[in-house]
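Structure first, commentary second.
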Amino acid sequence: MERKSSSEVRKMFLDFFKSKGHIVEPSAPLVPHDDPTLLWINSGVATMKKYFDGSVVPDVPRLTSSQKSIRTNDIENVGHTARHHTLFEMLGNFSVGDYFKEEAITWAWELLTSPDWFAMDPEKLFITVYPKDTDAKHYWESVGVSADHIIPVEDNFWDIGEGPSGPDSEIFYDRGESFNNLAEDDPENYPGGENERYLEIWNIVFSQFNHKPDGSYEPLPHKNIDTGMGLERVVSIFQKAPTNFETDLFLPLIHETEKFSGKKYNDDKEQDVAFKVIADHARAITFAIGDGALPSNEGRGYVIRRLIRRAVMYGQKLGIKESFLFKLVPVVGKIMQSYYPEVLEQSDYIAEVVSSEESRFNETLNDGVQLLDQIIKKNKENNEKEISGSDAFKLFDTYGFPLDLTTEYAHDEGLEVDKKGFETEMQQQKQRARAARGNQTSMGVQSGLLTGIQTPSRYVGYTELTADHAVLKNIIQNDQLVTDAKKGEAQLIFDVTPFYAEMGGQVADKGTITDEDGNVVAEVEDIQHAPNGQNLHTVKVLEPLQTEQAYSLSVDRHFHSKVEKNHTGTHLLDQALRDVFGEHTKQAGSLVEPDYLRFDFTHFGQVTQEDLQKVESIVNQKIFAEIPVKTVETDIESAKKLGAIALFSEKYGKKVRVVSVGDYSVEFCGGDHVKNTNELGLFKIVSESGVGAGVRRIEAVTSAEAYEYLLSHDELLTQTAKQVKAVQVKDTPQKVAQLQETVKTLTQKVTNLENKMAKQEAAGIFDNVQQAGQYSVVASVVKVTGMSQLRDLADDWKQRKVSDVLILGAAVGEKANLLVAVSDAKVKAGLKAGDLIKAIAKEINGGGGGRPNLAQAGGSKPAGLEQALANGITWLTEK
């Protein structure tokens with residue numbers, strides 16, 4: 001078996017299955033599209049769900065892919081084991097109701113052992129099977145696997161609870177006795193056991209059952225094949241690497257990190273963990289950010305932030321003090337360039353995001369260390385030998401401290417860490433995350449009814465909005481295929497239709513269906529794509545319908561025209577955003593309605609009003625330039641040569657539709673558009689906001705809606721001009737500015753009067769000094785308008801030097817304010833205003849803090865002010 005690079009292994013796998021009639025599916029973005037059940041794409045089959053659940057029927061039922069994936073459920077194992085990663089590539093071949101066990105097993109064995117392909121020694125390969133799956137055992141034996149290399153394992157049954165399931169076969173590679181980490185008689189020393197010698201490289205799932213809610217299993221309408229081969233694992237075999245990290249997928253990153261740290265890989269086991277974690281996390285964050293995710297405090301953004309912080313912390317263990325992680329981004333790009341050229345193309349942008357996050361964390365890191373020092377000090381003062389799980393989790397969750405780092409710090413101070421408590425907090429967070437994603441099922445079961453409808457249906461809506469002799473081919477009513485539709489809701493398929501099915505953000509058309517006499521027999525309410533691609537019309541049946549009868553289908557032209565304008569508007573907006581913010585900006589979602597358009601896009605940072613004005617101006621310039629909008633149908637490669645932009649992980653057939661707005665905007669698009677940009681008339685952005693981690697949203701209007709929007713704002717401005725008594729509308733800004741200055745002057749006068757009144761009200765309080773133990777105290781509830789007046793009184797008290805401590809309270813409406821001040825001398829002696837305020841704030845149902853010499857608190861219980869002051873005297877007396 002010859003040494004092969006990772007690029008060669010990936011290509012060989014895909015080429016093999018291409019030779020078996022498979023279509024190569026491109027690697028989908030890590031950020032799932034239209035799948036709320038997943039935080040990340042976490043396997044090859046995750047991108048095939050639409051085929052396996054029957055919602056889409058693929059053009060070819062044989063598929064293969066090399067899919068980038070992210071999993072972080074066992075992140076703490078990364079670097080400590082030979083094969084755990086956050087980002088990995090899953091090689092796979094898939095059959096959607098086509099071939100099954102015999103072909104899957106025959107081809108797997110051919111790929112692995114044939115001299116023309118992987119050329120592995122058959123004696124080094126072991127197969128596990130589900131004990132009851134006698135067919136799989138038979139097929140493995142028939143391709144030449146010896147009986148002693150086929151091992152029955154009860155766990156070899158893939159099941160996610162409810163939904164598709166079935167037996168599977170795992171393939172293991174014997175790496176040799178030098179990898180033995182167990183005794184010969186150890187029960188785990190076998191293929192499939194927990195050991196280092198036998199490496200699992202491939203899992204073949206025979207999906208043939210539907211696991212029903214009652215616990216029973218019924219055969220699926222179509223049996224499927226789903227396989228997964230870890231690229232990193234199989235490459236480690238070809239490159240004779242002790243672990244995945246000694247392959248060409250990771251070593252360039254490790255060697256680059258050696259330069260930053262001045263330390264060498266393989267010199268120290270603890271340091272090696274740090275090298276591995278950094279290499280792994282650098283890959284994951286580079287790909288994730290490149291696919292549109294950005295660091296944040298929630299969801300997938302939180303995962304990226306956590307990975308960056310972990311890598312930085314491990315960099316510190318190697319003695320790296322400055323920002324370094326962003327410098328690894330182009331290294332990742334070069335490693336993966338053969339299959340993922342977009343990573344290197346975006347490396348400057350990705351590095352910018354990582355660098356910014358690194359800088360932020362380096363600031364946070366100091367705060368985290370200070371908090372940890374405080375926790376350790378508190379534990380020692382209270383003679384506690386263990387840092388609580390909640391404290392350890394706060395360090396992890398807020399400051400990014402890995403548990404093992406907190407444990408190390410604690411051990412240096414003679415303390416332990418409550419790891420069980422930490423794990424409890426971690427599980428609670430995971431439960432909250434799962435709850436936030438909802439409980440949608442991860443994979444549905446095929447619908448035999450819809451997938452079985454093969455009726456040809458042609459869409460003519462690009463050129464015609466009526467179809468006078470459309471033959472009704474299929475009727476579905478009450479989940480049954482019928483020949484007659486009664487009044488009520490039904491789903492219809494015609495041999496030809498002008499109605500657009502919702503796709504790519506464009507809403508479905510609406511309209512009517514009439515019979516040969518011109519009577520309206522149904523109202524079209526929605527159109528979606530059926531699994532085999534037909535436009536499936538959901539209608540309200542007004543009069544009985546029959547299959548094989550001809551009807552006239554009419555699209556609501558006004559509705560359709562408005563949608564066309566807004567769809568072309570999204571294309572112009574998409575390109576204008578790239579012009580203003582850069583090519584890293586990607587579409588993250590869109591909605592094209594008749595009355596407005598909504599466009600989500602990835603962007604790192606805020607969007608200023610000036611930016612929006614630039615974008616809006618560009619779009620309107622293209623409208624006023626009266627640019628022709630043209631569509632062509634061509635093959636994918638030709639479309640890419642035209643510079644067409646593809647969106648998300650959309651499935652494109654052999655022929656694709658390209659929409660061009662002159663040479664300004666060129667995109668893959670199956671939607672409807674105007675013939676010339678001048679049809680939009682006008683484009684106006686009505687709002688811009690953030691909707692998630694690194695995702696911004698623009699809502700805009702065109703044509704009549706844009707005019708009405710501007711008209712309404714003009715009316716508001718005219719009303720404002722009248723209210724501020726501006727002579728002309730154009731004078732309104734100046735008049736408003738004058739009024740603002742007047743308000744500012746009057747506000748300052750009111751504030752000065754309030755301060756004077758507060759001083760008069762409190763004139764006598766400094767004469768009432770009482771003793772509380774060793775401290776002299778002024779304590780009083782005063783009538784003031786807010787905390788600022790209390791602070792003014794504290795300044796007055798400090799200048800007068802009338803006591804050691806000042807405690808003031810004030811009721812402001814339904815709120816209560818407390819203030820504590822301590823003289824400099826007593827602060828030096830160890831008395832802190834913050835400690836005192838915390839001790840008394842509970843009486844007003846509040847909390848607070850501050851500096852050692854001045855602290856304040858707010859609460860919702862003014863009635864508790866007198867008791868708070870009394871408690872303060874008691875606290876000082878006891879202290």
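If you're wondering about the labels, chains in the structure tokens are A, B, ... by order shown, residues count from 1 in each chain, ligands from 1 in order shown.
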| field | Polymer residues at most 7 Å from segment 848-861 of chain A, only C-alpha atoms, same-chain spacing of 2 or more positions, as a PyMOL selection string | value | chain A and resi 814-824+827+832-834+837-838+841+844-846+863-864
| request: Determine, counting only C-alpha atoms, which protein, DNA and RNA residues have an atom within 10 Å of an atom of Ile685 of chain A; residues of the same chain fewer than 4 positions away are not included. Present the result as a PyMOL selection string. | output: chain A and resi 573+596-598+612-613+615-616+698-702+706+709
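Closest to Lys565 of chain A among A:Ala284, A:Leu682, A:Leu30, A:Ile627 is A:Leu682, based on only C-alpha atoms.
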| message | Excluding Val781 of chain A and its own-chain neighbours fewer than 2 positions away, which residues fall within 8 Å of it when counting only C-alpha atoms? Please give them as number ranges by chain. | response | A: 779, 783, 808-810, 865-866
| said: If DSSP is run on the backbone, what residues of segment 270-439 of chain A are helix (DSSP H, G or I)? A reply as a VMD selection string would be ideal. | reply: chain A and resid 270 to 290 299 to 317 325 to 335 341 to 345 347 to 381 389 to 399 403 to 412 419 to 437
| message | According to DSSP computed on the backbone, where in segment 55-203 of chain A is there strand (DSSP E or B)? Give the residues as an MDAnalysis selection string. | response | chainID A and resid 62:70 87:96 125:129 150:152 157:159 163:174 198:203
Saved selection, atoms kept: C-alpha atoms, as a tab-separated table (two decimals), in the first residue's frame:
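Output file part.tsv follows:
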chain	number	residue	atom	x	y	z
A	62	ARG	CA	-26.62	7.22	-6.32
A	63	LEU	CA	-24.66	9.97	-4.56
A	64	THR	CA	-21.20	10.41	-3.07
A	65	SER	CA	-19.52	13.25	-1.18
A	66	SER	CA	-16.70	14.41	1.00
A	67	GLN	CA	-18.54	16.50	3.58
A	68	LYS	CA	-16.87	18.83	6.07
A	69	SER	CA	-18.52	18.41	9.47
A	70	ILE	CA	-18.33	19.82	12.99
A	87	LEU	CA	-13.87	19.51	12.39
A	88	PHE	CA	-13.51	16.44	10.20
A	89	GLU	CA	-14.34	15.26	6.70
A	90	MET	CA	-16.76	12.40	6.13
A	91	LEU	CA	-16.39	10.47	2.91
A	92	GLY	CA	-19.59	8.68	1.99
A	93	ASN	CA	-21.62	6.92	-0.67
A	94	PHE	CA	-25.40	6.92	-0.59
A	95	SER	CA	-28.18	5.02	-2.30
A	96	VAL	CA	-31.69	6.45	-2.24
A	125	LEU	CA	-9.33	-5.70	7.56
A	126	PHE	CA	-11.99	-6.86	10.03
A	127	ILE	CA	-15.77	-6.50	9.67
A	128	THR	CA	-18.44	-6.27	12.38
A	129	VAL	CA	-22.07	-7.18	11.65
A	150	ILE	CA	-16.32	-11.19	10.56
A	151	ILE	CA	-17.39	-10.37	14.12
A	152	PRO	CA	-21.01	-10.20	15.35
A	157	PHE	CA	-27.81	-1.31	14.66
A	158	TRP	CA	-28.22	2.34	13.71
A	159	ASP	CA	-31.27	3.81	15.44
A	163	GLY	CA	-37.58	7.23	12.10
A	164	PRO	CA	-35.24	5.43	9.67
A	165	SER	CA	-33.07	2.69	11.17
A	166	GLY	CA	-31.28	-0.51	10.29
A	167	PRO	CA	-28.28	-2.77	10.86
A	168	ASP	CA	-24.78	-1.63	9.97
A	169	SER	CA	-21.32	-3.01	9.29
A	170	GLU	CA	-18.18	-1.36	10.62
A	171	ILE	CA	-14.81	-1.89	8.96
A	172	PHE	CA	-11.64	-1.93	11.06
A	173	TYR	CA	-7.99	-1.78	10.04
A	174	ASP	CA	-5.42	-3.71	12.07
A	198	TYR	CA	-7.98	-1.81	15.53
A	199	LEU	CA	-8.97	1.46	13.87
A	200	GLU	CA	-12.53	1.90	12.62
A	201	ILE	CA	-12.35	3.46	9.15
A	202	TRP	CA	-15.80	2.95	7.62
A	203	ASN	CA	-19.39	2.42	8.70
| said: Applying 9 Å and only C-alpha atoms, which residues near Leu710 of chain A remain after dropping the ones on its own chain fewer than 5 positions away? List them as an MDAnalysis selection string. | reply: chainID A and resid 684 705 715
Output N, CA, C and O atoms for every residue in that selection, as a CSV table (one decimal), in the first residue's frame.
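Result file selection19.csv:
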chain,number,residue,atom,x,y,z
A,684,LYS,N,-36.0,51.5,-1.8
A,684,LYS,CA,-35.8,52.2,-0.5
A,684,LYS,C,-35.6,51.2,0.6
A,684,LYS,O,-36.5,50.3,0.8
A,705,GLU,N,-44.7,50.8,-3.5
A,705,GLU,CA,-44.5,50.8,-2.0
A,705,GLU,C,-43.3,51.7,-1.6
A,705,GLU,O,-43.4,52.3,-0.5
A,715,GLU,N,-44.9,63.4,4.7
A,715,GLU,CA,-46.0,64.0,5.5
A,715,GLU,C,-45.6,64.1,7.0
A,715,GLU,O,-45.9,65.1,7.6
| Leaving out Asn195 of chain A and any residue of its chain fewer than 3 positions from it, which residues lie within 8 Å of it when counting only C-alpha atoms, given as a ChimeraX atom specification? | /A:180-182,188-190,198
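Taking atom CA of Ala839 of chain A as the reference point, atom CA of Ala868 of chain A is found at 8.7 Å.
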| message | Need to verify the contact set: Glu548 of chain A, 8 Å, only C-alpha atoms, exclusion of same-chain residues closer than 4 positions in sequence. Can you return it as a ChimeraX atom specification? | response | /A:471-473
| field | atom CA of Ser780 of chain A to atom CA of Lys879 of chain A, straight-line distance in Å | value |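 These atoms are spaced 20.2 Å apart.
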| Atom-to-atom span, atom CA of Lys486 of chain A and atom CA of Leu465 of chain A, Å |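 Going from atom CA of Lys486 of chain A over to atom CA of Leu465 of chain A, I get 26.1 Å.
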